[in-house]
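Quick look at run.txt (compact mmCIF, C-alpha atoms):
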```txt
# COMPACT_ATOMS: atom_id res chain seq x y z
CA MET K 1 233.93 93.05 -42.17
CA SER K 2 237.45 92.98 -40.70
CA LEU K 3 240.36 91.68 -42.76
CA ALA K 4 243.17 89.58 -41.31
CA ILE K 5 246.43 88.42 -42.86
CA VAL K 6 247.88 85.18 -41.52
CA THR K 7 251.27 83.97 -42.71
CA GLY K 8 252.56 80.45 -42.32
CA ALA K 9 248.92 79.38 -42.42
CA SER K 10 249.23 75.97 -44.07
CA ALA K 11 249.73 74.03 -40.81
CA GLY K 12 250.55 74.25 -37.12
CA ILE K 13 250.07 77.46 -35.18
CA GLY K 14 249.34 79.49 -38.33
CA TYR K 15 246.54 77.15 -39.38
CA GLN K 16 245.01 77.36 -35.93
CA LEU K 17 245.27 81.16 -35.94
CA ALA K 18 243.50 81.25 -39.30
CA ARG K 19 240.70 79.07 -37.89
CA LEU K 20 240.27 81.45 -34.96
CA CYS K 21 240.11 84.45 -37.29
CA ALA K 22 237.44 82.75 -39.42
CA ALA K 23 235.43 81.83 -36.33
CA LYS K 24 235.53 85.50 -35.34
CA GLY K 25 234.12 86.45 -38.75
CA PHE K 26 237.26 87.98 -40.22
CA ASP K 27 237.89 87.80 -43.96
CA LEU K 28 241.28 86.25 -44.58
CA LEU K 29 244.39 86.54 -46.70
CA LEU K 30 246.48 83.42 -46.10
CA ALA K 31 250.05 82.80 -47.21
CA ALA K 32 252.51 79.95 -46.82
CA ASP K 33 255.26 78.23 -48.74
CA GLN K 34 253.26 74.99 -48.83
CA PRO K 35 250.37 74.25 -51.26
CA GLU K 36 248.24 72.98 -48.37
CA VAL K 37 247.35 76.61 -47.70
CA HIS K 38 244.79 76.33 -50.52
CA GLN K 39 243.08 73.44 -48.70
CA VAL K 40 242.96 75.58 -45.56
CA ALA K 41 241.35 78.40 -47.55
CA GLU K 42 238.72 76.05 -48.95
CA GLU K 43 237.97 74.71 -45.48
CA LEU K 44 237.62 78.14 -43.88
CA SER K 45 235.55 79.55 -46.75
CA ALA K 46 232.81 77.14 -45.70
CA SER K 47 232.34 79.21 -42.54
CA GLY K 48 231.01 82.10 -44.63
CA VAL K 49 234.04 84.42 -44.66
CA GLN K 50 235.99 85.46 -47.73
CA VAL K 51 239.33 83.68 -47.93
CA GLN K 52 242.17 84.11 -50.42
CA ALA K 53 245.32 82.02 -50.32
CA LEU K 54 248.78 82.43 -51.79
CA VAL K 55 251.73 80.07 -52.05
CA ALA K 56 254.78 82.29 -51.83
CA ASP K 57 258.31 82.43 -50.48
CA LEU K 58 257.86 84.86 -47.61
CA ALA K 59 261.62 85.07 -47.20
CA THR K 60 261.56 87.43 -50.18
CA LEU K 61 260.22 90.95 -50.48
CA GLU K 62 258.54 89.89 -53.72
CA GLY K 63 256.62 87.13 -51.96
CA ASN K 64 255.33 89.56 -49.37
CA ASP K 65 254.43 92.10 -52.03
CA GLN K 66 252.38 89.43 -53.81
CA LEU K 67 250.49 88.86 -50.57
CA LEU K 68 249.80 92.56 -50.10
CA GLU K 69 248.56 92.84 -53.68
CA LEU K 70 245.83 90.33 -52.83
CA ALA K 71 244.34 92.87 -50.44
CA GLY K 72 243.61 95.12 -53.42
CA GLY K 73 244.03 98.23 -51.30
CA ARG K 74 241.60 97.02 -48.64
CA PRO K 75 242.72 98.04 -45.12
CA VAL K 76 244.18 95.24 -43.00
CA ASP K 77 242.76 95.17 -39.47
CA TYR K 78 244.79 92.27 -38.10
CA LEU K 79 248.24 91.05 -39.09
CA LEU K 80 249.26 87.68 -37.71
CA ALA K 81 252.91 87.40 -38.77
CA ASN K 82 253.53 83.75 -38.04
CA ALA K 83 255.71 82.53 -40.94
CA GLY K 84 258.98 81.03 -39.83
CA HIS K 85 261.07 77.89 -39.79
CA GLY K 86 264.12 76.40 -38.16
CA LEU K 87 267.29 74.54 -39.06
CA GLY K 88 269.03 71.94 -36.95
CA LYS K 89 272.65 70.72 -36.68
CA GLY K 90 275.82 72.73 -36.07
CA PHE K 91 276.14 76.05 -37.83
CA LEU K 92 279.39 75.13 -39.60
CA ASP K 93 277.72 72.01 -40.98
CA GLN K 94 274.70 73.83 -42.38
CA ASP K 95 274.26 74.90 -45.97
CA PHE K 96 274.55 78.67 -45.80
CA ALA K 97 271.74 79.18 -48.31
CA GLU K 98 269.43 77.27 -45.96
CA ALA K 99 270.64 79.25 -42.95
CA ARG K 100 270.08 82.51 -44.81
CA HIS K 101 266.57 81.39 -45.76
CA VAL K 102 265.78 80.99 -42.05
CA ILE K 103 267.02 84.52 -41.40
CA ASP K 104 265.16 85.98 -44.36
CA THR K 105 261.91 84.22 -43.47
CA ASN K 106 261.98 84.79 -39.73
CA ILE K 107 263.35 88.33 -39.81
CA THR K 108 263.62 90.08 -43.18
CA GLY K 109 260.31 89.04 -44.71
CA THR K 110 258.51 89.33 -41.39
CA ILE K 111 259.55 92.88 -40.57
CA TYR K 112 259.08 93.99 -44.18
CA LEU K 113 255.46 92.85 -44.07
CA ILE K 114 254.99 94.40 -40.64
CA GLN K 115 256.34 97.73 -41.85
CA LYS K 116 254.09 97.78 -44.90
CA VAL K 117 250.94 96.87 -42.98
CA GLY K 118 251.93 98.80 -39.86
CA ARG K 119 252.21 102.07 -41.76
CA GLN K 120 248.68 101.65 -43.06
CA MET K 121 247.42 100.80 -39.56
CA ARG K 122 249.16 103.80 -38.02
CA ALA K 123 247.59 106.10 -40.60
CA ALA K 124 244.17 104.66 -39.71
CA HIS K 125 244.88 104.87 -35.95
CA SER K 126 243.68 101.28 -35.65
CA GLY K 127 245.01 97.75 -35.98
CA LYS K 128 246.46 94.78 -34.16
CA ILE K 129 249.67 92.92 -34.94
CA LEU K 130 250.53 89.48 -33.59
CA ILE K 131 254.10 88.30 -34.14
CA THR K 132 255.12 84.71 -33.45
CA GLY K 133 258.38 84.84 -31.54
CA SER K 134 259.58 82.06 -29.25
CA ILE K 135 261.01 81.37 -25.81
CA ALA K 136 263.96 80.11 -27.89
CA GLY K 137 264.85 83.78 -28.22
CA PHE K 138 265.91 83.77 -24.55
CA ILE K 139 268.36 80.88 -25.00
CA PRO K 140 271.62 80.55 -26.99
CA GLY K 141 270.60 77.79 -29.41
CA THR K 142 273.42 75.30 -29.57
CA PHE K 143 272.78 73.21 -32.73
CA GLN K 144 269.99 75.64 -33.54
CA ALA K 145 272.04 78.82 -33.42
CA VAL K 146 270.56 80.68 -36.37
CA TYR K 147 266.94 79.95 -35.48
CA ASN K 148 267.28 80.99 -31.84
CA GLY K 149 269.13 84.11 -32.92
CA THR K 150 266.29 85.09 -35.24
CA LYS K 151 263.76 84.64 -32.46
CA ALA K 152 265.86 86.74 -30.09
CA PHE K 153 265.62 89.48 -32.71
CA ILE K 154 261.85 89.06 -33.11
CA ASP K 155 261.16 88.99 -29.37
CA SER K 156 263.14 92.21 -28.91
CA PHE K 157 261.79 93.87 -32.05
CA SER K 158 258.17 93.30 -31.03
CA TRP K 159 258.59 95.13 -27.74
CA ALA K 160 260.41 98.04 -29.39
CA LEU K 161 257.74 98.39 -32.07
CA ARG K 162 254.99 98.13 -29.47
CA ASN K 163 256.49 101.07 -27.59
CA GLU K 164 256.90 103.12 -30.78
CA LEU K 165 253.20 102.62 -31.52
CA LYS K 166 251.85 103.02 -27.99
CA ASP K 167 249.95 106.24 -28.72
CA THR K 168 248.73 105.38 -32.23
CA GLY K 169 245.83 102.97 -31.68
CA VAL K 170 247.93 100.09 -33.04
CA SER K 171 248.93 97.28 -30.68
CA VAL K 172 251.75 94.75 -31.06
CA THR K 173 251.67 91.37 -29.32
CA CYS K 174 254.42 88.76 -29.31
CA LEU K 175 253.39 85.12 -29.00
CA MET K 176 256.28 83.15 -27.48
CA PRO K 177 255.61 79.42 -27.60
CA GLY K 178 257.91 76.63 -26.53
CA ALA K 179 258.25 73.35 -28.41
CA THR K 180 254.93 72.86 -30.18
CA ASP K 181 253.52 69.82 -31.99
CA THR K 182 253.89 71.06 -35.57
CA GLU K 183 255.95 70.20 -38.67
CA PHE K 184 258.74 72.44 -37.33
CA PHE K 185 261.09 69.71 -36.14
CA GLU K 186 260.63 67.56 -39.23
CA ARG K 187 261.34 70.50 -41.55
CA ALA K 188 264.35 71.49 -39.42
CA ASP K 189 265.75 67.91 -39.64
CA MET K 190 265.62 67.56 -35.85
CA LEU K 191 263.57 64.41 -35.35
CA ASP K 192 266.61 62.58 -33.95
CA THR K 193 267.07 65.13 -31.16
CA LYS K 194 265.74 65.01 -27.62
CA VAL K 195 263.57 68.08 -28.18
CA GLY K 196 262.34 66.61 -31.45
CA GLN K 197 261.10 63.49 -29.69
CA GLN K 198 259.73 64.96 -26.47
CA ARG K 199 256.07 65.71 -25.75
CA LYS K 200 255.08 69.09 -27.16
CA ASP K 201 252.39 71.71 -26.71
CA ASP K 202 249.10 71.63 -28.63
CA PRO K 203 249.23 74.20 -31.45
CA ALA K 204 245.51 74.92 -31.01
CA GLU K 205 246.08 75.94 -27.38
CA VAL K 206 249.13 78.01 -28.30
CA ALA K 207 247.23 79.80 -31.07
CA LYS K 208 244.22 80.46 -28.82
CA ALA K 209 246.42 82.09 -26.17
CA GLY K 210 248.13 84.26 -28.78
CA PHE K 211 244.89 85.22 -30.49
CA GLU K 212 243.22 86.24 -27.23
CA ALA K 213 246.30 88.22 -26.18
CA MET K 214 246.26 90.04 -29.52
CA LEU K 215 242.59 90.94 -29.18
CA ALA K 216 243.25 92.20 -25.64
CA GLY K 217 246.21 94.27 -26.82
CA GLN K 218 248.68 92.53 -24.51
CA GLY K 219 252.41 92.88 -25.05
CA ASP K 220 253.36 89.23 -24.99
CA VAL K 221 252.16 85.79 -24.01
CA VAL K 222 254.14 82.69 -23.03
CA VAL K 223 251.98 79.57 -23.15
CA GLY K 224 252.12 76.96 -20.40
CA PHE K 225 253.65 76.86 -16.92
CA LYS K 226 256.73 74.92 -18.10
CA ASN K 227 257.50 77.54 -20.72
CA LYS K 228 256.85 80.43 -18.35
CA LEU K 229 259.27 78.86 -15.88
CA ALA K 230 261.86 78.31 -18.61
CA ALA K 231 261.56 81.93 -19.72
CA ALA K 232 261.94 83.19 -16.16
CA VAL K 233 264.95 80.96 -15.45
CA ALA K 234 266.62 82.01 -18.71
CA ASN K 235 266.64 85.62 -17.53
CA ILE K 236 268.87 84.78 -14.55
CA THR K 237 270.97 81.91 -15.92
CA PRO K 238 274.42 82.56 -17.48
CA ALA K 239 274.43 82.26 -21.27
CA ALA K 240 277.14 79.58 -21.17
CA VAL K 241 274.96 77.39 -18.96
CA LEU K 242 271.93 77.91 -21.19
CA ALA K 243 273.97 77.03 -24.27
CA GLU K 244 275.14 73.77 -22.69
CA GLN K 245 271.58 72.90 -21.65
CA HIS K 246 270.38 73.55 -25.19
CA ARG K 247 273.09 71.22 -26.50
CA GLY K 248 271.54 68.41 -24.50
CA MET K 249 268.18 69.02 -26.17
CA ALA K 250 269.16 69.80 -29.75
CA GLU K 251 272.41 67.94 -30.46
CA PRO K 252 271.96 65.57 -33.41
CA GLY K 253 271.36 62.05 -32.11
CA SER K 254 270.49 63.20 -28.59
CA GLY K 255 267.10 61.58 -28.87
CA LYS K 256 268.81 58.18 -29.11
CA LYS K 257 271.03 58.62 -26.07
CA LYS K 258 270.24 56.64 -22.91
```

The structure given in the file should be rewritten as structure tokens.
Amino acid sequence: MSLAIVTGASAGIGYQLARLCAAKGFDLLLAADQPEVHQVAEELSASGVQVQALVADLATLEGNDQLLELAGGRPVDYLLANAGHGLGKGFLDQDFAEARHVIDTNITGTIYLIQKVGRQMRAAHSGKILITGSIAGFIPGTFQAVYNGTKAFIDSFSWALRNELKDTGVSVTCLMPGATDTEFFERADMLDTKVGQQRKDDPAEVAKAGFEAMLAGQGDVVVGFKNKLAAAVANITPAAVLAEQHRGMAEPGSGKKK
């Protein structure tokens, strides 16, 4: 029986990825910083797979080590590194501890876990890694500067790691969603923004596209025509223009403007 780790599995895209893994018959190690991850584990256990869940701060190395200890030395076949969160408002108005937590969750904890599991996969000449990046990584994130910066790192990192592992039997896939209907905008205190109030993508559809891309060993996947167009346009649009456009979407109170 294959074993999959899914982080950020308490809700949203991570929850949907965990469901897909269970439907495929994978045993699961689930982690999140929300206690609802235990409810997810109970739900998915009913499908006949073994599921363990952990509430941990995945911004820390210790939290990720706790997750790895749950495996008990069992090889991990699939790593779905989905944990992450955002933070709205202007950078100078943010609490730095909160900004650092975004960086440590989205980057530090993520790549630490990937390195630990990736080394084991490389030694076994087998394994698949799915990393949740974002099309936000293509855009300077005015009023979301730290988050977009972390996703720029993750998007770039995933392609570099994929190339490093190209002859090892281990594949790396980057899932790059746009705005998705999850708890992200509430937790980032962005419900009063235009992007926070607009219609968003279905997390089940986003997860399905990422999961299938991972199984196929693809390098990346952008979900939806609108997001594919936005990603393509971002590659040819000056950064200053993109930053101003992002301001219109993410500036506090923009959702109330006429």

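Atom pair atom CA of Thr7 of chain K / atom CA of Met176 of chain K: separated by 16.1 Å.
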
(message) Considering all atoms listed in the file, can you say which of K:Leu130, K:Val223, K:Ala250, K:Leu242 comes closest to Ser158 of chain K?
(response) K:Leu130

(message) I want to know what sits within 12 Å of Gly109 of chain K, based on only C-alpha atoms, with residues of the same chain fewer than 2 positions away left out; could you give that as JSON, numbers by chain?
(response) {"K": [7, 8, 56, 57, 58, 59, 60, 61, 62, 63, 64, 65, 67, 81, 82, 83, 84, 100, 101, 102, 103, 104, 105, 106, 107, 111, 112, 113, 114, 115, 116, 150, 154]}

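Distances here use only C-alpha atoms; by that measure, the residue among K:Val51, K:Ile5, K:Ala216, K:Ala23 closest to Asp77 of chain K is K:Ile5.
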
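Across K:Val40, K:Ile139, K:Ala123, K:Leu68, the tightest approach to Ala231 of chain K is made by K:Ile139 when counting only C-alpha atoms.
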
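Straight-line separation from atom CA of Ala11 of chain K to atom CA of Glu42 of chain K: 13.8 Å.
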
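Of the residues under consideration (K:Val117, K:Ala99, K:Ala71, K:Leu44), K:Ala99 shows the shortest atom-to-atom contact distance to Asn148 of chain K when counting only C-alpha atoms.
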
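If only C-alpha atoms are the atoms counted, then among K:Leu92, K:Leu165, K:Val221, K:Ala32 the closest residue to Gln66 of chain K is K:Ala32.
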
(message) Just to confirm, what's the straight-line distance from atom CA of His85 of chain K to atom CA of Leu215 of chain K in Å (one decimal)?
(response) 25.0 Å

Quick one: everything within 7 Å of segment 12-16 of chain K, counting only C-alpha atoms, minus sequence neighbours fewer than 4 positions away in the same chain. Send it as a CSV table (one decimal) with C-alpha atoms, in the coordinates of the input.
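Output saved as around.csv:
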```csv
chain,number,residue,atom,x,y,z
K,6,VAL,CA,247.9,85.2,-41.5
K,7,THR,CA,251.3,84.0,-42.7
K,8,GLY,CA,252.6,80.4,-42.3
K,20,LEU,CA,240.3,81.4,-35.0
K,82,ASN,CA,253.5,83.8,-38.0
K,182,THR,CA,253.9,71.1,-35.6
K,183,GLU,CA,256.0,70.2,-38.7
K,203,PRO,CA,249.2,74.2,-31.4
K,204,ALA,CA,245.5,74.9,-31.0
K,206,VAL,CA,249.1,78.0,-28.3
K,207,ALA,CA,247.2,79.8,-31.1
```

Using the file's own x, y and z axes, so that the box edges lie along x, y and z, what centre and edge lengths in Å (one decimal) does a box around every listed atom of segment 151-160 of chain K get when 6 Å is added on each side? Give it as AutoDock Vina command-line options.
```
--center_x 262.0 --center_y 91.3 --center_z -30.4 --size_x 19.7 --size_y 25.4 --size_z 17.4
```

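Using only C-alpha atoms, the nearest neighbour of Pro75 of chain K within the list K:Gln218, K:Arg199, K:Ala4, K:Gly248 is K:Ala4.
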
(message) Every residue with an atom at most 8 Å from (249.8, 99.4, -36.1) (file coordinates; all atoms listed in the file) is what I'm after, so could you write them as a ChimeraX atom specification?
(response) /K:117-122,125-129,165,168-172

(message) Distance cut-off 10 Å, centre (270.4, 75.2, -39.7) in file coordinates, counting all atoms listed in the file: which residues qualify? Return them as a VMD selection string.
(response) chain K and resid 85 to 102 143 to 147 188 to 190

Your completed segment 9-35 of chain K with N, CA and C atoms, as an mmCIF file, keeping the file's coordinate frame:
```cif
data_model
loop_
_atom_site.group_PDB
_atom_site.id
_atom_site.type_symbol
_atom_site.label_atom_id
_atom_site.label_comp_id
_atom_site.auth_asym_id
_atom_site.auth_seq_id
_atom_site.Cartn_x
_atom_site.Cartn_y
_atom_site.Cartn_z
ATOM 1 N N ALA K 9 250.262 79.848 -42.779
ATOM 2 C CA ALA K 9 248.920 79.380 -42.420
ATOM 3 C C ALA K 9 248.587 77.987 -42.917
ATOM 4 N N SER K 10 249.544 77.272 -43.492
ATOM 5 C CA SER K 10 249.230 75.970 -44.070
ATOM 6 C C SER K 10 249.135 74.863 -43.030
ATOM 7 N N ALA K 11 249.717 75.074 -41.843
ATOM 8 C CA ALA K 11 249.730 74.030 -40.810
ATOM 9 C C ALA K 11 250.102 74.654 -39.474
ATOM 10 N N GLY K 12 250.048 73.842 -38.422
ATOM 11 C CA GLY K 12 250.550 74.250 -37.120
ATOM 12 C C GLY K 12 249.847 75.437 -36.509
ATOM 13 N N ILE K 13 250.624 76.307 -35.880
ATOM 14 C CA ILE K 13 250.070 77.460 -35.180
ATOM 15 C C ILE K 13 249.372 78.397 -36.163
ATOM 16 N N GLY K 14 249.946 78.600 -37.347
ATOM 17 C CA GLY K 14 249.340 79.490 -38.330
ATOM 18 C C GLY K 14 247.979 79.017 -38.782
ATOM 19 N N TYR K 15 247.843 77.719 -39.009
ATOM 20 C CA TYR K 15 246.540 77.150 -39.380
ATOM 21 C C TYR K 15 245.526 77.388 -38.280
ATOM 22 N N GLN K 16 245.929 77.170 -37.050
ATOM 23 C CA GLN K 16 245.010 77.360 -35.930
ATOM 24 C C GLN K 16 244.638 78.838 -35.757
ATOM 25 N N LEU K 17 245.578 79.729 -35.998
ATOM 26 C CA LEU K 17 245.270 81.160 -35.940
ATOM 27 C C LEU K 17 244.271 81.540 -37.026
ATOM 28 N N ALA K 18 244.439 80.969 -38.208
ATOM 29 C CA ALA K 18 243.500 81.250 -39.300
ATOM 30 C C ALA K 18 242.096 80.764 -38.936
ATOM 31 N N ARG K 19 242.005 79.611 -38.324
ATOM 32 C CA ARG K 19 240.700 79.070 -37.890
ATOM 33 C C ARG K 19 240.036 80.016 -36.888
ATOM 34 N N LEU K 20 240.816 80.537 -35.960
ATOM 35 C CA LEU K 20 240.270 81.450 -34.960
ATOM 36 C C LEU K 20 239.782 82.749 -35.605
ATOM 37 N N CYS K 21 240.524 83.239 -36.575
ATOM 38 C CA CYS K 21 240.110 84.450 -37.290
ATOM 39 C C CYS K 21 238.785 84.217 -38.021
ATOM 40 N N ALA K 22 238.670 83.067 -38.685
ATOM 41 C CA ALA K 22 237.440 82.750 -39.420
ATOM 42 C C ALA K 22 236.264 82.627 -38.470
ATOM 43 N N ALA K 23 236.493 81.995 -37.314
ATOM 44 C CA ALA K 23 235.430 81.830 -36.330
ATOM 45 C C ALA K 23 234.960 83.176 -35.788
ATOM 46 N N LYS K 24 235.851 84.152 -35.807
ATOM 47 C CA LYS K 24 235.530 85.500 -35.340
ATOM 48 C C LYS K 24 234.839 86.316 -36.435
ATOM 49 N N GLY K 25 234.777 85.758 -37.649
ATOM 50 C CA GLY K 25 234.120 86.450 -38.750
ATOM 51 C C GLY K 25 235.010 87.326 -39.586
ATOM 52 N N PHE K 26 236.332 87.159 -39.449
ATOM 53 C CA PHE K 26 237.260 87.980 -40.220
ATOM 54 C C PHE K 26 237.428 87.387 -41.623
ATOM 55 N N ASP K 27 237.422 88.227 -42.647
ATOM 56 C CA ASP K 27 237.890 87.800 -43.960
ATOM 57 C C ASP K 27 239.398 87.565 -43.865
ATOM 58 N N LEU K 28 239.907 86.701 -44.748
ATOM 59 C CA LEU K 28 241.280 86.250 -44.580
ATOM 60 C C LEU K 28 242.106 86.321 -45.861
ATOM 61 N N LEU K 29 243.348 86.716 -45.703
ATOM 62 C CA LEU K 29 244.390 86.540 -46.700
ATOM 63 C C LEU K 29 245.408 85.597 -46.070
ATOM 64 N N LEU K 30 245.587 84.430 -46.653
ATOM 65 C CA LEU K 30 246.480 83.420 -46.100
ATOM 66 C C LEU K 30 247.686 83.241 -47.013
ATOM 67 N N ALA K 31 248.845 83.046 -46.416
ATOM 68 C CA ALA K 31 250.050 82.800 -47.210
ATOM 69 C C ALA K 31 250.903 81.755 -46.514
ATOM 70 N N ALA K 32 251.574 80.950 -47.326
ATOM 71 C CA ALA K 32 252.510 79.950 -46.820
ATOM 72 C C ALA K 32 253.372 79.499 -47.986
ATOM 73 N N ASP K 33 254.423 78.766 -47.673
ATOM 74 C CA ASP K 33 255.260 78.230 -48.740
ATOM 75 C C ASP K 33 254.871 76.802 -49.104
ATOM 76 N N GLN K 34 253.748 76.331 -48.566
ATOM 77 C CA GLN K 34 253.260 74.990 -48.830
ATOM 78 C C GLN K 34 251.896 75.057 -49.527
ATOM 79 N N PRO K 35 251.637 74.198 -50.520
ATOM 80 C CA PRO K 35 250.370 74.250 -51.260
ATOM 81 C C PRO K 35 249.151 73.908 -50.422
#
```
